[in-house]
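J.: File input-v4.pdb follows (PDB, C-alpha atoms and all ligand atoms):
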```pdb
ATOM      1  CA  MET B   1      -9.248 -17.151  -3.147
ATOM      2  CA  ILE B   2     -13.019 -17.368  -2.730
ATOM      3  CA  ILE B   3     -15.203 -15.859   0.003
ATOM      4  CA  ASP B   4     -18.466 -17.585   0.848
ATOM      5  CA  THR B   5     -20.465 -14.523   1.857
ATOM      6  CA  HIS B   6     -23.484 -16.390   3.220
ATOM      7  CA  ALA B   7     -23.340 -19.600   5.257
ATOM      8  CA  HIS B   8     -25.385 -20.730   8.242
ATOM      9  CA  LEU B   9     -22.588 -22.655   9.931
ATOM     10  CA  ASN B  10     -24.279 -21.755  13.213
ATOM     11  CA  THR B  11     -26.940 -24.433  12.728
ATOM     12  CA  GLU B  12     -27.354 -28.008  13.994
ATOM     13  CA  GLU B  13     -26.171 -29.397  10.659
ATOM     14  CA  TYR B  14     -22.530 -28.569  11.438
ATOM     15  CA  LYS B  15     -22.371 -29.255  15.120
ATOM     16  CA  ASP B  16     -20.490 -32.545  14.695
ATOM     17  CA  ASP B  17     -18.059 -31.775  11.882
ATOM     18  CA  LEU B  18     -17.480 -28.029  11.588
ATOM     19  CA  ASN B  19     -13.699 -28.435  11.606
ATOM     20  CA  GLU B  20     -13.802 -30.848   8.658
ATOM     21  CA  VAL B  21     -16.202 -28.526   6.832
ATOM     22  CA  LEU B  22     -13.745 -25.645   7.310
ATOM     23  CA  LYS B  23     -10.812 -27.779   6.144
ATOM     24  CA  ARG B  24     -12.654 -28.760   2.968
ATOM     25  CA  ALA B  25     -13.457 -25.088   2.385
ATOM     26  CA  GLN B  26      -9.749 -24.166   2.662
ATOM     27  CA  LYS B  27      -8.802 -26.963   0.265
ATOM     28  CA  ASN B  28     -11.227 -25.516  -2.273
ATOM     29  CA  ASN B  29      -9.829 -21.970  -1.986
ATOM     30  CA  VAL B  30     -12.634 -20.726   0.250
ATOM     31  CA  LYS B  31     -10.505 -18.766   2.714
ATOM     32  CA  LYS B  32     -13.130 -16.596   4.390
ATOM     33  CA  ILE B  33     -16.749 -17.341   5.290
ATOM     34  CA  ILE B  34     -19.453 -15.049   6.599
ATOM     35  CA  VAL B  35     -21.665 -16.834   9.131
ATOM     36  CA  ILE B  36     -25.198 -15.491   9.055
ATOM     37  CA  GLY B  37     -27.377 -14.996  12.130
ATOM     38  CA  MET B  38     -31.185 -15.134  12.022
ATOM     39  CA  ASP B  39     -32.307 -14.704  15.644
ATOM     40  CA  GLU B  40     -30.736 -13.995  19.025
ATOM     41  CA  ALA B  41     -29.384 -17.508  19.623
ATOM     42  CA  SER B  42     -27.920 -17.934  16.127
ATOM     43  CA  ASN B  43     -26.512 -14.378  16.216
ATOM     44  CA  GLU B  44     -24.607 -15.145  19.399
ATOM     45  CA  LEU B  45     -23.390 -18.461  18.028
ATOM     46  CA  ALA B  46     -22.209 -16.757  14.816
ATOM     47  CA  ILE B  47     -20.128 -14.342  16.879
ATOM     48  CA  SER B  48     -18.608 -17.041  19.052
ATOM     49  CA  LEU B  49     -17.695 -19.140  15.987
ATOM     50  CA  ALA B  50     -16.075 -16.079  14.405
ATOM     51  CA  ASN B  51     -14.034 -15.581  17.563
ATOM     52  CA  GLU B  52     -12.894 -19.220  17.538
ATOM     53  CA  HIS B  53     -11.926 -19.383  13.849
ATOM     54  CA  ASP B  54      -9.848 -16.762  12.008
ATOM     55  CA  MET B  55     -11.518 -17.457   8.676
ATOM     56  CA  LEU B  56     -15.045 -16.821   9.980
ATOM     57  CA  TYR B  57     -16.938 -13.524  10.260
ATOM     58  CA  ALA B  58     -20.433 -12.958  11.636
ATOM     59  CA  THR B  59     -23.615 -11.068  10.867
ATOM     60  CA  VAL B  60     -26.422 -10.378  13.321
ATOM     61  CA  GLY B  61     -30.053  -9.827  12.450
ATOM     62  CA  VAL B  62     -33.659 -10.906  12.695
ATOM     63  CA  HIS B  63     -34.785 -13.017   9.727
ATOM     64  CA  PRO B  64     -38.352 -12.390   8.468
ATOM     65  CA  GLY B  65     -39.220 -15.979   9.397
ATOM     66  CA  TYR B  66     -38.497 -15.244  13.088
ATOM     67  CA  VAL B  67     -40.345 -11.981  13.646
ATOM     68  CA  ASP B  68     -43.197 -13.554  15.616
ATOM     69  CA  HIS B  69     -40.898 -14.531  18.490
ATOM     70  CA  GLU B  70     -38.018 -12.101  18.179
ATOM     71  CA  THR B  71     -37.420  -8.372  18.417
ATOM     72  CA  THR B  72     -34.430  -6.303  17.308
ATOM     73  CA  GLU B  73     -33.727  -5.192  20.871
ATOM     74  CA  HIS B  74     -30.731  -7.486  21.397
ATOM     75  CA  LEU B  75     -29.004  -6.362  18.191
ATOM     76  CA  GLU B  76     -27.644  -3.094  19.508
ATOM     77  CA  SER B  77     -25.352  -4.806  21.998
ATOM     78  CA  LEU B  78     -24.096  -7.259  19.348
ATOM     79  CA  VAL B  79     -23.406  -5.041  16.323
ATOM     80  CA  THR B  80     -20.297  -3.515  17.861
ATOM     81  CA  LYS B  81     -18.719  -6.862  18.725
ATOM     82  CA  LYS B  82     -15.490  -7.920  17.063
ATOM     83  CA  LYS B  83     -15.870  -9.594  13.643
ATOM     84  CA  VAL B  84     -19.499  -8.553  13.174
ATOM     85  CA  VAL B  85     -19.500  -7.313   9.570
ATOM     86  CA  ALA B  86     -23.178  -6.759   8.710
ATOM     87  CA  ILE B  87     -26.790  -6.591   9.856
ATOM     88  CA  GLY B  88     -28.880  -9.532   8.684
ATOM     89  CA  GLU B  89     -30.212 -11.781   7.596
ATOM     90  CA  CYS B  90     -33.206  -9.466   7.455
ATOM     91  CA  GLY B  91     -35.873  -8.578   4.940
ATOM     92  CA  ILE B  92     -39.318  -9.630   3.844
ATOM     93  CA  ASP B  93     -40.647 -13.049   2.813
ATOM     94  CA  LEU B  94     -44.079 -13.168   1.224
ATOM     95  CA  HIS B  95     -43.669 -16.675  -0.117
ATOM     96  CA  TRP B  96     -44.194 -18.387   3.244
ATOM     97  CA  ARG B  97     -46.284 -15.803   5.079
ATOM     98  CA  GLN B  98     -48.360 -12.800   4.086
ATOM     99  CA  ASP B  99     -50.464 -12.454   7.238
ATOM    100  CA  ASN B 100     -47.672 -10.830   9.283
ATOM    101  CA  TYR B 101     -46.415  -8.539   6.545
ATOM    102  CA  ASP B 102     -46.725  -5.373   8.655
ATOM    103  CA  LEU B 103     -44.600  -6.906  11.392
ATOM    104  CA  GLN B 104     -42.011  -8.193   8.897
ATOM    105  CA  ARG B 105     -41.825  -4.736   7.364
ATOM    106  CA  SER B 106     -41.405  -2.848  10.620
ATOM    107  CA  ILE B 107     -38.678  -5.207  11.862
ATOM    108  CA  PHE B 108     -36.882  -4.808   8.529
ATOM    109  CA  LEU B 109     -37.146  -1.007   8.753
ATOM    110  CA  GLU B 110     -35.660  -1.100  12.269
ATOM    111  CA  GLN B 111     -32.666  -3.017  10.932
ATOM    112  CA  ILE B 112     -32.205  -0.559   8.060
ATOM    113  CA  GLU B 113     -32.007   2.205  10.680
ATOM    114  CA  LEU B 114     -29.478   0.205  12.711
ATOM    115  CA  ALA B 115     -27.358  -0.350   9.600
ATOM    116  CA  LYS B 116     -27.305   3.389   8.962
ATOM    117  CA  ARG B 117     -26.514   4.230  12.562
ATOM    118  CA  PHE B 118     -23.650   1.735  12.870
ATOM    119  CA  LYS B 119     -22.488   2.099   9.240
ATOM    120  CA  LEU B 120     -22.830  -1.601   8.515
ATOM    121  CA  PRO B 121     -24.069  -3.228   5.302
ATOM    122  CA  LEU B 122     -27.327  -5.200   5.158
ATOM    123  CA  VAL B 123     -27.717  -8.850   4.216
ATOM    124  CA  ILE B 124     -31.199  -8.954   2.752
ATOM    125  CA  HIS B 125     -33.564 -11.872   2.292
ATOM    126  CA  THR B 126     -36.455 -11.452  -0.127
ATOM    127  CA  ARG B 127     -38.808 -14.036  -1.491
ATOM    128  CA  SER B 128     -41.728 -12.936  -3.664
ATOM    129  CA  SER B 129     -41.078  -9.561  -2.051
ATOM    130  CA  PHE B 130     -38.412  -7.680  -4.003
ATOM    131  CA  GLU B 131     -40.704  -4.683  -4.574
ATOM    132  CA  GLU B 132     -41.691  -4.429  -0.897
ATOM    133  CA  ALA B 133     -38.066  -4.609   0.281
ATOM    134  CA  TYR B 134     -36.963  -2.174  -2.407
ATOM    135  CA  GLN B 135     -39.549   0.382  -1.277
ATOM    136  CA  CYS B 136     -38.283   0.091   2.320
ATOM    137  CA  LEU B 137     -34.731   0.826   1.162
ATOM    138  CA  LEU B 138     -35.449   3.563  -1.371
ATOM    139  CA  PRO B 139     -35.736   6.447   1.134
ATOM    140  CA  SER B 140     -32.252   5.482   2.421
ATOM    141  CA  LYS B 141     -30.622   5.396  -1.011
ATOM    142  CA  GLY B 142     -26.971   6.425  -0.722
ATOM    143  CA  LYS B 143     -27.029   6.044   3.074
ATOM    144  CA  VAL B 144     -27.027   2.277   3.270
ATOM    145  CA  THR B 145     -25.648  -0.576   1.202
ATOM    146  CA  GLY B 146     -25.620  -4.358   1.285
ATOM    147  CA  VAL B 147     -26.503  -7.463  -0.679
ATOM    148  CA  PHE B 148     -29.727  -8.959  -1.942
ATOM    149  CA  HIS B 149     -28.733 -12.443  -0.865
ATOM    150  CA  CYS B 150     -29.801 -15.408  -3.013
ATOM    151  CA  PHE B 151     -31.252 -13.103  -5.605
ATOM    152  CA  SER B 152     -34.540 -14.495  -6.887
ATOM    153  CA  SER B 153     -36.199 -11.773  -8.940
ATOM    154  CA  ASP B 154     -35.664 -10.839 -12.589
ATOM    155  CA  LEU B 155     -33.033  -8.853 -14.490
ATOM    156  CA  LYS B 156     -35.036  -5.642 -14.290
ATOM    157  CA  ASP B 157     -35.075  -5.842 -10.485
ATOM    158  CA  ALA B 158     -31.401  -6.843 -10.394
ATOM    159  CA  LYS B 159     -30.609  -3.623 -12.242
ATOM    160  CA  ARG B 160     -32.721  -1.636  -9.757
ATOM    161  CA  ALA B 161     -30.855  -3.276  -6.859
ATOM    162  CA  VAL B 162     -27.501  -2.315  -8.393
ATOM    163  CA  GLU B 163     -28.744   1.210  -9.055
ATOM    164  CA  LEU B 164     -29.673   1.385  -5.360
ATOM    165  CA  GLY B 165     -26.038   0.582  -4.534
ATOM    166  CA  PHE B 166     -26.542  -3.061  -3.598
ATOM    167  CA  TYR B 167     -24.808  -6.283  -4.615
ATOM    168  CA  ILE B 168     -26.479  -9.348  -6.119
ATOM    169  CA  GLY B 169     -25.847 -12.601  -4.195
ATOM    170  CA  ILE B 170     -25.557 -15.670  -6.425
ATOM    171  CA  ASP B 171     -25.641 -19.218  -5.036
ATOM    172  CA  GLY B 172     -26.323 -22.863  -5.917
ATOM    173  CA  PRO B 173     -29.500 -22.339  -7.970
ATOM    174  CA  ILE B 174     -27.357 -20.803 -10.764
ATOM    175  CA  THR B 175     -26.141 -24.379 -11.418
ATOM    176  CA  PHE B 176     -29.652 -25.851 -11.686
ATOM    177  CA  LYS B 177     -31.184 -26.783 -15.032
ATOM    178  CA  LYS B 178     -34.006 -24.250 -14.922
ATOM    179  CA  ALA B 179     -31.962 -21.161 -14.104
ATOM    180  CA  GLU B 180     -32.701 -19.064 -17.205
ATOM    181  CA  GLU B 181     -33.584 -15.940 -15.232
ATOM    182  CA  LEU B 182     -30.456 -16.141 -13.024
ATOM    183  CA  VAL B 183     -28.263 -16.851 -16.049
ATOM    184  CA  GLU B 184     -29.665 -13.752 -17.745
ATOM    185  CA  ILE B 185     -28.825 -11.732 -14.611
ATOM    186  CA  VAL B 186     -25.248 -13.038 -14.450
ATOM    187  CA  GLU B 187     -24.807 -12.356 -18.171
ATOM    188  CA  ASN B 188     -25.982  -8.777 -17.887
ATOM    189  CA  ILE B 189     -24.871  -7.552 -14.470
ATOM    190  CA  ASP B 190     -21.249  -6.436 -14.180
ATOM    191  CA  LEU B 191     -19.169  -8.758 -12.028
ATOM    192  CA  LYS B 192     -18.330  -5.724  -9.877
ATOM    193  CA  HIS B 193     -21.846  -6.033  -8.400
ATOM    194  CA  ILE B 194     -21.911  -9.793  -7.766
ATOM    195  CA  LEU B 195     -21.113 -11.754  -4.602
ATOM    196  CA  VAL B 196     -20.811 -15.528  -4.394
ATOM    197  CA  GLU B 197     -22.409 -17.449  -1.537
ATOM    198  CA  THR B 198     -23.768 -20.878  -0.629
ATOM    199  CA  ASP B 199     -26.586 -20.291   1.878
ATOM    200  CA  SER B 200     -25.295 -23.494   3.524
ATOM    201  CA  PRO B 201     -26.845 -25.830   4.608
ATOM    202  CA  TYR B 202     -29.520 -25.027   2.018
ATOM    203  CA  LEU B 203     -29.447 -24.810  -1.777
ATOM    204  CA  ALA B 204     -26.535 -27.131  -2.544
ATOM    205  CA  PRO B 205     -25.379 -26.666  -6.145
ATOM    206  CA  MET B 206     -25.249 -29.395  -8.780
ATOM    207  CA  PRO B 207     -24.021 -32.141  -8.434
ATOM    208  CA  PHE B 208     -25.010 -32.076  -4.742
ATOM    209  CA  ARG B 209     -28.522 -30.706  -5.139
ATOM    210  CA  GLY B 210     -30.771 -31.855  -2.281
ATOM    211  CA  LYS B 211     -27.827 -32.708   0.019
ATOM    212  CA  ARG B 212     -26.345 -30.633   2.826
ATOM    213  CA  ASN B 213     -24.547 -27.637   1.348
ATOM    214  CA  GLU B 214     -21.179 -26.395   2.624
ATOM    215  CA  PRO B 215     -18.819 -23.493   1.864
ATOM    216  CA  ALA B 216     -16.423 -25.655  -0.226
ATOM    217  CA  TYR B 217     -19.170 -25.808  -2.844
ATOM    218  CA  THR B 218     -18.904 -22.085  -3.523
ATOM    219  CA  LYS B 219     -16.441 -23.187  -6.188
ATOM    220  CA  TYR B 220     -19.301 -24.593  -8.294
ATOM    221  CA  VAL B 221     -20.999 -21.196  -8.213
ATOM    222  CA  VAL B 222     -17.743 -19.495  -9.218
ATOM    223  CA  GLU B 223     -17.194 -21.968 -12.075
ATOM    224  CA  LYS B 224     -20.717 -21.480 -13.373
ATOM    225  CA  ILE B 225     -20.379 -17.693 -13.346
ATOM    226  CA  ALA B 226     -17.080 -18.002 -15.274
ATOM    227  CA  GLU B 227     -18.786 -20.241 -17.834
ATOM    228  CA  ILE B 228     -21.746 -17.865 -18.276
ATOM    229  CA  LYS B 229     -19.578 -14.755 -18.534
ATOM    230  CA  LYS B 230     -16.969 -16.537 -20.678
ATOM    231  CA  ILE B 231     -14.117 -15.430 -18.442
ATOM    232  CA  SER B 232     -11.604 -17.338 -16.340
ATOM    233  CA  VAL B 233     -12.386 -18.849 -12.952
ATOM    234  CA  ALA B 234      -9.432 -16.848 -11.593
ATOM    235  CA  ASP B 235     -11.014 -13.591 -12.759
ATOM    236  CA  VAL B 236     -14.325 -14.465 -11.082
ATOM    237  CA  MET B 237     -12.522 -15.326  -7.839
ATOM    238  CA  LYS B 238     -10.485 -12.129  -7.900
ATOM    239  CA  GLN B 239     -13.372  -9.735  -8.571
ATOM    240  CA  THR B 240     -15.940 -11.334  -6.251
ATOM    241  CA  THR B 241     -13.354 -11.532  -3.459
ATOM    242  CA  GLU B 242     -12.597  -7.860  -3.920
ATOM    243  CA  ASN B 243     -16.329  -7.102  -3.846
ATOM    244  CA  ALA B 244     -16.727  -8.970  -0.553
ATOM    245  CA  HIS B 245     -13.775  -7.116   0.954
ATOM    246  CA  VAL B 246     -15.177  -3.775  -0.131
ATOM    247  CA  LEU B 247     -18.706  -4.414   1.135
ATOM    248  CA  PHE B 248     -17.919  -6.182   4.405
ATOM    249  CA  LYS B 249     -14.581  -4.473   5.131
ATOM    250  CA  LEU B 250     -12.984  -7.799   6.013
ATOM    251  CA  GLY B 251      -9.487  -6.380   6.041
ATOM    252  CA  GLY B 252      -6.347  -8.238   5.057
ATOM    253  CA  ILE B 253      -4.977  -8.720   1.566
ATOM    254  CA  SER B 254      -7.317 -10.009  -1.117
ATOM    255  CA  SER B 255      -6.538 -12.335  -4.061
TER     256      SER B 255
HETATM  257 NI    NI B 301     -29.659 -17.403   4.597
END
```
Just give me the structure as structure tokens.
Ligand code: NI
T.:
Amino acid sequence: MIIDTHAHLNTEEYKDDLNEVLKRAQKNNVKKIIVIGMDEASNELAISLANEHDMLYATVGVHPGYVDHETTEHLESLVTKKKVVAIGECGIDLHWRQDNYDLQRSIFLEQIELAKRFKLPLVIHTRSSFEEAYQCLLPSKGKVTGVFHCFSSDLKDAKRAVELGFYIGIDGPITFKKAEELVEIVENIDLKHILVETDSPYLAPMPFRGKRNEPAYTKYVVEKIAEIKKISVADVMKQTTENAHVLFKLGGISS
């Protein structure tokens, strides 16, 4: 069994064929999927999808790309809803915008506080901003956990993330040709600290690069990790599934 721990199935891209997408996921051993919210509308849609489909879970958060038009005010009433398993996607993105850094940071800090208060893990987005996000989390070391989703820094930072008690999210880019840094991370970080994800509809793995991504393709990420670590696909599935259950408290029997 595989768990896709990061999929935006609550976007336009799946509005016509979500049921087929979920069937293909099942056929490829992807039995549970965490649907990631980014703003109030997508948070609410994530929750309603999770209520309609057993295999789906939801997260609620304010993505750094949405901070200009969104506050965290609505989150408090959503975090206690059934099947909400984390706060996020939240974090800091300095690749697209630097001018609103202070706002990005304060909205991220608010979500760290919420995560502590409601004892939920964080799903963190960073881009060219690992250090900034890390510094926000450091004062809460031991009081909050989560995943650095779609990890995009180097091995040194991956080790710091693990030391902070966080997981490393690995997705499609691990299958790309120029993935030396990610390969080095997967080689050197214990599988106990790794989660597999797709970030659907973005970042489709080889051989679908550039196309719409979907949870079924998590299997390519799993296969690549097995190849890099020179272990069996079954072992990668087993450990990463256990990791997802531990972090997100999904309940039910793993394997
Ligand atoms: Ni995402």
J.: I'd like the contact shell of range 40-42 of chain B - 12 Å cut-off, only C-alpha atoms, skipping same-chain residues fewer than 2 positions apart - returned as a CSV table (one decimal) with C-alpha atoms, in the frame of the given file.
T.:
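Final output, saved to out-v4.csv:
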```csv
chain,number,residue,atom,x,y,z
B,7,ALA,CA,-23.3,-19.6,5.3
B,8,HIS,CA,-25.4,-20.7,8.2
B,9,LEU,CA,-22.6,-22.7,9.9
B,10,ASN,CA,-24.3,-21.8,13.2
B,11,THR,CA,-26.9,-24.4,12.7
B,12,GLU,CA,-27.4,-28.0,14.0
B,35,VAL,CA,-21.7,-16.8,9.1
B,36,ILE,CA,-25.2,-15.5,9.1
B,37,GLY,CA,-27.4,-15.0,12.1
B,38,MET,CA,-31.2,-15.1,12.0
B,44,GLU,CA,-24.6,-15.1,19.4
B,45,LEU,CA,-23.4,-18.5,18.0
B,46,ALA,CA,-22.2,-16.8,14.8
B,47,ILE,CA,-20.1,-14.3,16.9
B,48,SER,CA,-18.6,-17.0,19.1
B,49,LEU,CA,-17.7,-19.1,16.0
B,58,ALA,CA,-20.4,-13.0,11.6
B,59,THR,CA,-23.6,-11.1,10.9
B,60,VAL,CA,-26.4,-10.4,13.3
B,61,GLY,CA,-30.1,-9.8,12.4
B,62,VAL,CA,-33.7,-10.9,12.7
B,63,HIS,CA,-34.8,-13.0,9.7
B,66,TYR,CA,-38.5,-15.2,13.1
B,67,VAL,CA,-40.3,-12.0,13.6
B,69,HIS,CA,-40.9,-14.5,18.5
B,70,GLU,CA,-38.0,-12.1,18.2
B,71,THR,CA,-37.4,-8.4,18.4
B,72,THR,CA,-34.4,-6.3,17.3
B,73,GLU,CA,-33.7,-5.2,20.9
B,74,HIS,CA,-30.7,-7.5,21.4
B,75,LEU,CA,-29.0,-6.4,18.2
B,76,GLU,CA,-27.6,-3.1,19.5
B,77,SER,CA,-25.4,-4.8,22.0
B,78,LEU,CA,-24.1,-7.3,19.3
B,79,VAL,CA,-23.4,-5.0,16.3
B,88,GLY,CA,-28.9,-9.5,8.7
B,89,GLU,CA,-30.2,-11.8,7.6
```
J.: Provide the CA of Lys230 in chain B to CA of Asp171 in chain B distance in Å, to one decimal place.
T.: 18.1 Å
J.: For this file, the PyMOL selection byres (((chain B and resi 155) around 9) and not hetatm) selects which residues, as a PyMOL selection string?
T.: chain B and resi 153-154+156-160+181-182+184-186+188-189
J.: Quote the spacing between CA of His53 in chain B and CA of His193 in chain B in Å to one decimal place.
T.: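 Taking CA of His53 in chain B as the start and CA of His193 in chain B as the end point, the length is 27.8 Å.
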J.: Would you kindly identify which residues have an atom no farther than 12 Å from (-19.4, -30.4, -1.4), using all atoms listed in the file and the file's own coordinates, and write them out as a ChimeraX atom specification?
T.: /B:20-25,27-28,30,172,198,200-221
J.: Using all atoms listed in the file, which of the listed residues (B:Cys90, B:Ile231, B:Leu247, B:Leu138) sits closest to ligand NI 301 (chain B)?
T.: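 Nearest candidate to ligand NI 301 (chain B) out of B:Cys90, B:Ile231, B:Leu247, B:Leu138: B:Cys90.
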J.: Interatomic distance between CA of Thr241 in chain B and CA of Ile2 in chain B?
T.: 5.9 Å
J.: With N, CA and C atoms as the target, complete range 32-60 of chain B and hand it back as a PDB file, in the frame of the given file.
T.:
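Below is the file out22.pdb, written as the result:
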```
ATOM      1  N   LYS B  32     -12.360 -17.356   3.410  1.00  0.00           N
ATOM      2  CA  LYS B  32     -13.130 -16.596   4.390  1.00  0.00           C
ATOM      3  C   LYS B  32     -14.607 -16.930   4.208  1.00  0.00           C
ATOM      4  N   ILE B  33     -15.331 -16.972   5.322  1.00  0.00           N
ATOM      5  CA  ILE B  33     -16.749 -17.341   5.290  1.00  0.00           C
ATOM      6  C   ILE B  33     -17.507 -16.405   6.229  1.00  0.00           C
ATOM      7  N   ILE B  34     -18.622 -15.890   5.745  1.00  0.00           N
ATOM      8  CA  ILE B  34     -19.453 -15.049   6.599  1.00  0.00           C
ATOM      9  C   ILE B  34     -20.609 -15.889   7.135  1.00  0.00           C
ATOM     10  N   VAL B  35     -20.647 -16.015   8.458  1.00  0.00           N
ATOM     11  CA  VAL B  35     -21.665 -16.834   9.131  1.00  0.00           C
ATOM     12  C   VAL B  35     -22.846 -15.926   9.465  1.00  0.00           C
ATOM     13  N   ILE B  36     -24.031 -16.353   9.036  1.00  0.00           N
ATOM     14  CA  ILE B  36     -25.198 -15.491   9.055  1.00  0.00           C
ATOM     15  C   ILE B  36     -26.125 -15.817  10.224  1.00  0.00           C
ATOM     16  N   GLY B  37     -26.427 -14.819  11.045  1.00  0.00           N
ATOM     17  CA  GLY B  37     -27.377 -14.996  12.130  1.00  0.00           C
ATOM     18  C   GLY B  37     -28.808 -14.744  11.671  1.00  0.00           C
ATOM     19  N   MET B  38     -29.778 -15.305  12.392  1.00  0.00           N
ATOM     20  CA  MET B  38     -31.185 -15.134  12.022  1.00  0.00           C
ATOM     21  C   MET B  38     -32.073 -14.774  13.215  1.00  0.00           C
ATOM     22  N   ASP B  39     -31.575 -15.038  14.418  1.00  0.00           N
ATOM     23  CA  ASP B  39     -32.307 -14.704  15.644  1.00  0.00           C
ATOM     24  C   ASP B  39     -31.269 -14.588  16.763  1.00  0.00           C
ATOM     25  N   GLU B  40     -31.711 -14.282  17.973  1.00  0.00           N
ATOM     26  CA  GLU B  40     -30.736 -13.995  19.025  1.00  0.00           C
ATOM     27  C   GLU B  40     -29.750 -15.150  19.246  1.00  0.00           C
ATOM     28  N   ALA B  41     -30.267 -16.370  19.344  1.00  0.00           N
ATOM     29  CA  ALA B  41     -29.384 -17.508  19.623  1.00  0.00           C
ATOM     30  C   ALA B  41     -28.380 -17.719  18.487  1.00  0.00           C
ATOM     31  N   SER B  42     -28.855 -17.676  17.244  1.00  0.00           N
ATOM     32  CA  SER B  42     -27.920 -17.934  16.127  1.00  0.00           C
ATOM     33  C   SER B  42     -26.981 -16.746  15.915  1.00  0.00           C
ATOM     34  N   ASN B  43     -27.407 -15.544  16.286  1.00  0.00           N
ATOM     35  CA  ASN B  43     -26.512 -14.378  16.216  1.00  0.00           C
ATOM     36  C   ASN B  43     -25.343 -14.564  17.182  1.00  0.00           C
ATOM     37  N   GLU B  44     -25.666 -14.972  18.395  1.00  0.00           N
ATOM     38  CA  GLU B  44     -24.607 -15.145  19.399  1.00  0.00           C
ATOM     39  C   GLU B  44     -23.663 -16.278  19.013  1.00  0.00           C
ATOM     40  N   LEU B  45     -24.237 -17.340  18.452  1.00  0.00           N
ATOM     41  CA  LEU B  45     -23.390 -18.461  18.028  1.00  0.00           C
ATOM     42  C   LEU B  45     -22.493 -18.041  16.857  1.00  0.00           C
ATOM     43  N   ALA B  46     -23.028 -17.240  15.949  1.00  0.00           N
ATOM     44  CA  ALA B  46     -22.209 -16.757  14.816  1.00  0.00           C
ATOM     45  C   ALA B  46     -21.000 -15.984  15.335  1.00  0.00           C
ATOM     46  N   ILE B  47     -21.226 -15.135  16.322  1.00  0.00           N
ATOM     47  CA  ILE B  47     -20.128 -14.342  16.879  1.00  0.00           C
ATOM     48  C   ILE B  47     -19.111 -15.242  17.581  1.00  0.00           C
ATOM     49  N   SER B  48     -19.589 -16.210  18.345  1.00  0.00           N
ATOM     50  CA  SER B  48     -18.608 -17.041  19.052  1.00  0.00           C
ATOM     51  C   SER B  48     -17.821 -17.908  18.075  1.00  0.00           C
ATOM     52  N   LEU B  49     -18.451 -18.380  17.005  1.00  0.00           N
ATOM     53  CA  LEU B  49     -17.695 -19.140  15.987  1.00  0.00           C
ATOM     54  C   LEU B  49     -16.641 -18.261  15.328  1.00  0.00           C
ATOM     55  N   ALA B  50     -17.019 -17.005  15.043  1.00  0.00           N
ATOM     56  CA  ALA B  50     -16.075 -16.079  14.405  1.00  0.00           C
ATOM     57  C   ALA B  50     -14.888 -15.782  15.322  1.00  0.00           C
ATOM     58  N   ASN B  51     -15.131 -15.807  16.628  1.00  0.00           N
ATOM     59  CA  ASN B  51     -14.034 -15.581  17.563  1.00  0.00           C
ATOM     60  C   ASN B  51     -13.123 -16.802  17.687  1.00  0.00           C
ATOM     61  N   GLU B  52     -13.697 -17.991  17.451  1.00  0.00           N
ATOM     62  CA  GLU B  52     -12.894 -19.220  17.538  1.00  0.00           C
ATOM     63  C   GLU B  52     -12.072 -19.485  16.285  1.00  0.00           C
ATOM     64  N   HIS B  53     -12.574 -19.044  15.123  1.00  0.00           N
ATOM     65  CA  HIS B  53     -11.926 -19.383  13.849  1.00  0.00           C
ATOM     66  C   HIS B  53     -11.598 -18.112  13.071  1.00  0.00           C
ATOM     67  N   ASP B  54     -10.295 -17.947  12.755  1.00  0.00           N
ATOM     68  CA  ASP B  54      -9.848 -16.762  12.008  1.00  0.00           C
ATOM     69  C   ASP B  54     -10.630 -16.534  10.726  1.00  0.00           C
ATOM     70  N   MET B  55     -10.940 -17.604  10.014  1.00  0.00           N
ATOM     71  CA  MET B  55     -11.518 -17.457   8.676  1.00  0.00           C
ATOM     72  C   MET B  55     -13.013 -17.093   8.707  1.00  0.00           C
ATOM     73  N   LEU B  56     -13.605 -17.100   9.887  1.00  0.00           N
ATOM     74  CA  LEU B  56     -15.045 -16.821   9.980  1.00  0.00           C
ATOM     75  C   LEU B  56     -15.340 -15.390  10.433  1.00  0.00           C
ATOM     76  N   TYR B  57     -16.394 -14.831   9.868  1.00  0.00           N
ATOM     77  CA  TYR B  57     -16.938 -13.524  10.260  1.00  0.00           C
ATOM     78  C   TYR B  57     -18.416 -13.743  10.570  1.00  0.00           C
ATOM     79  N   ALA B  58     -19.038 -12.763  11.216  1.00  0.00           N
ATOM     80  CA  ALA B  58     -20.433 -12.958  11.636  1.00  0.00           C
ATOM     81  C   ALA B  58     -21.323 -11.796  11.199  1.00  0.00           C
ATOM     82  N   THR B  59     -22.603 -12.110  10.999  1.00  0.00           N
ATOM     83  CA  THR B  59     -23.615 -11.068  10.867  1.00  0.00           C
ATOM     84  C   THR B  59     -24.668 -11.303  11.945  1.00  0.00           C
ATOM     85  N   VAL B  60     -25.355 -10.237  12.328  1.00  0.00           N
ATOM     86  CA  VAL B  60     -26.422 -10.378  13.321  1.00  0.00           C
ATOM     87  C   VAL B  60     -27.691  -9.697  12.807  1.00  0.00           C
TER      88      VAL B  60
END
```
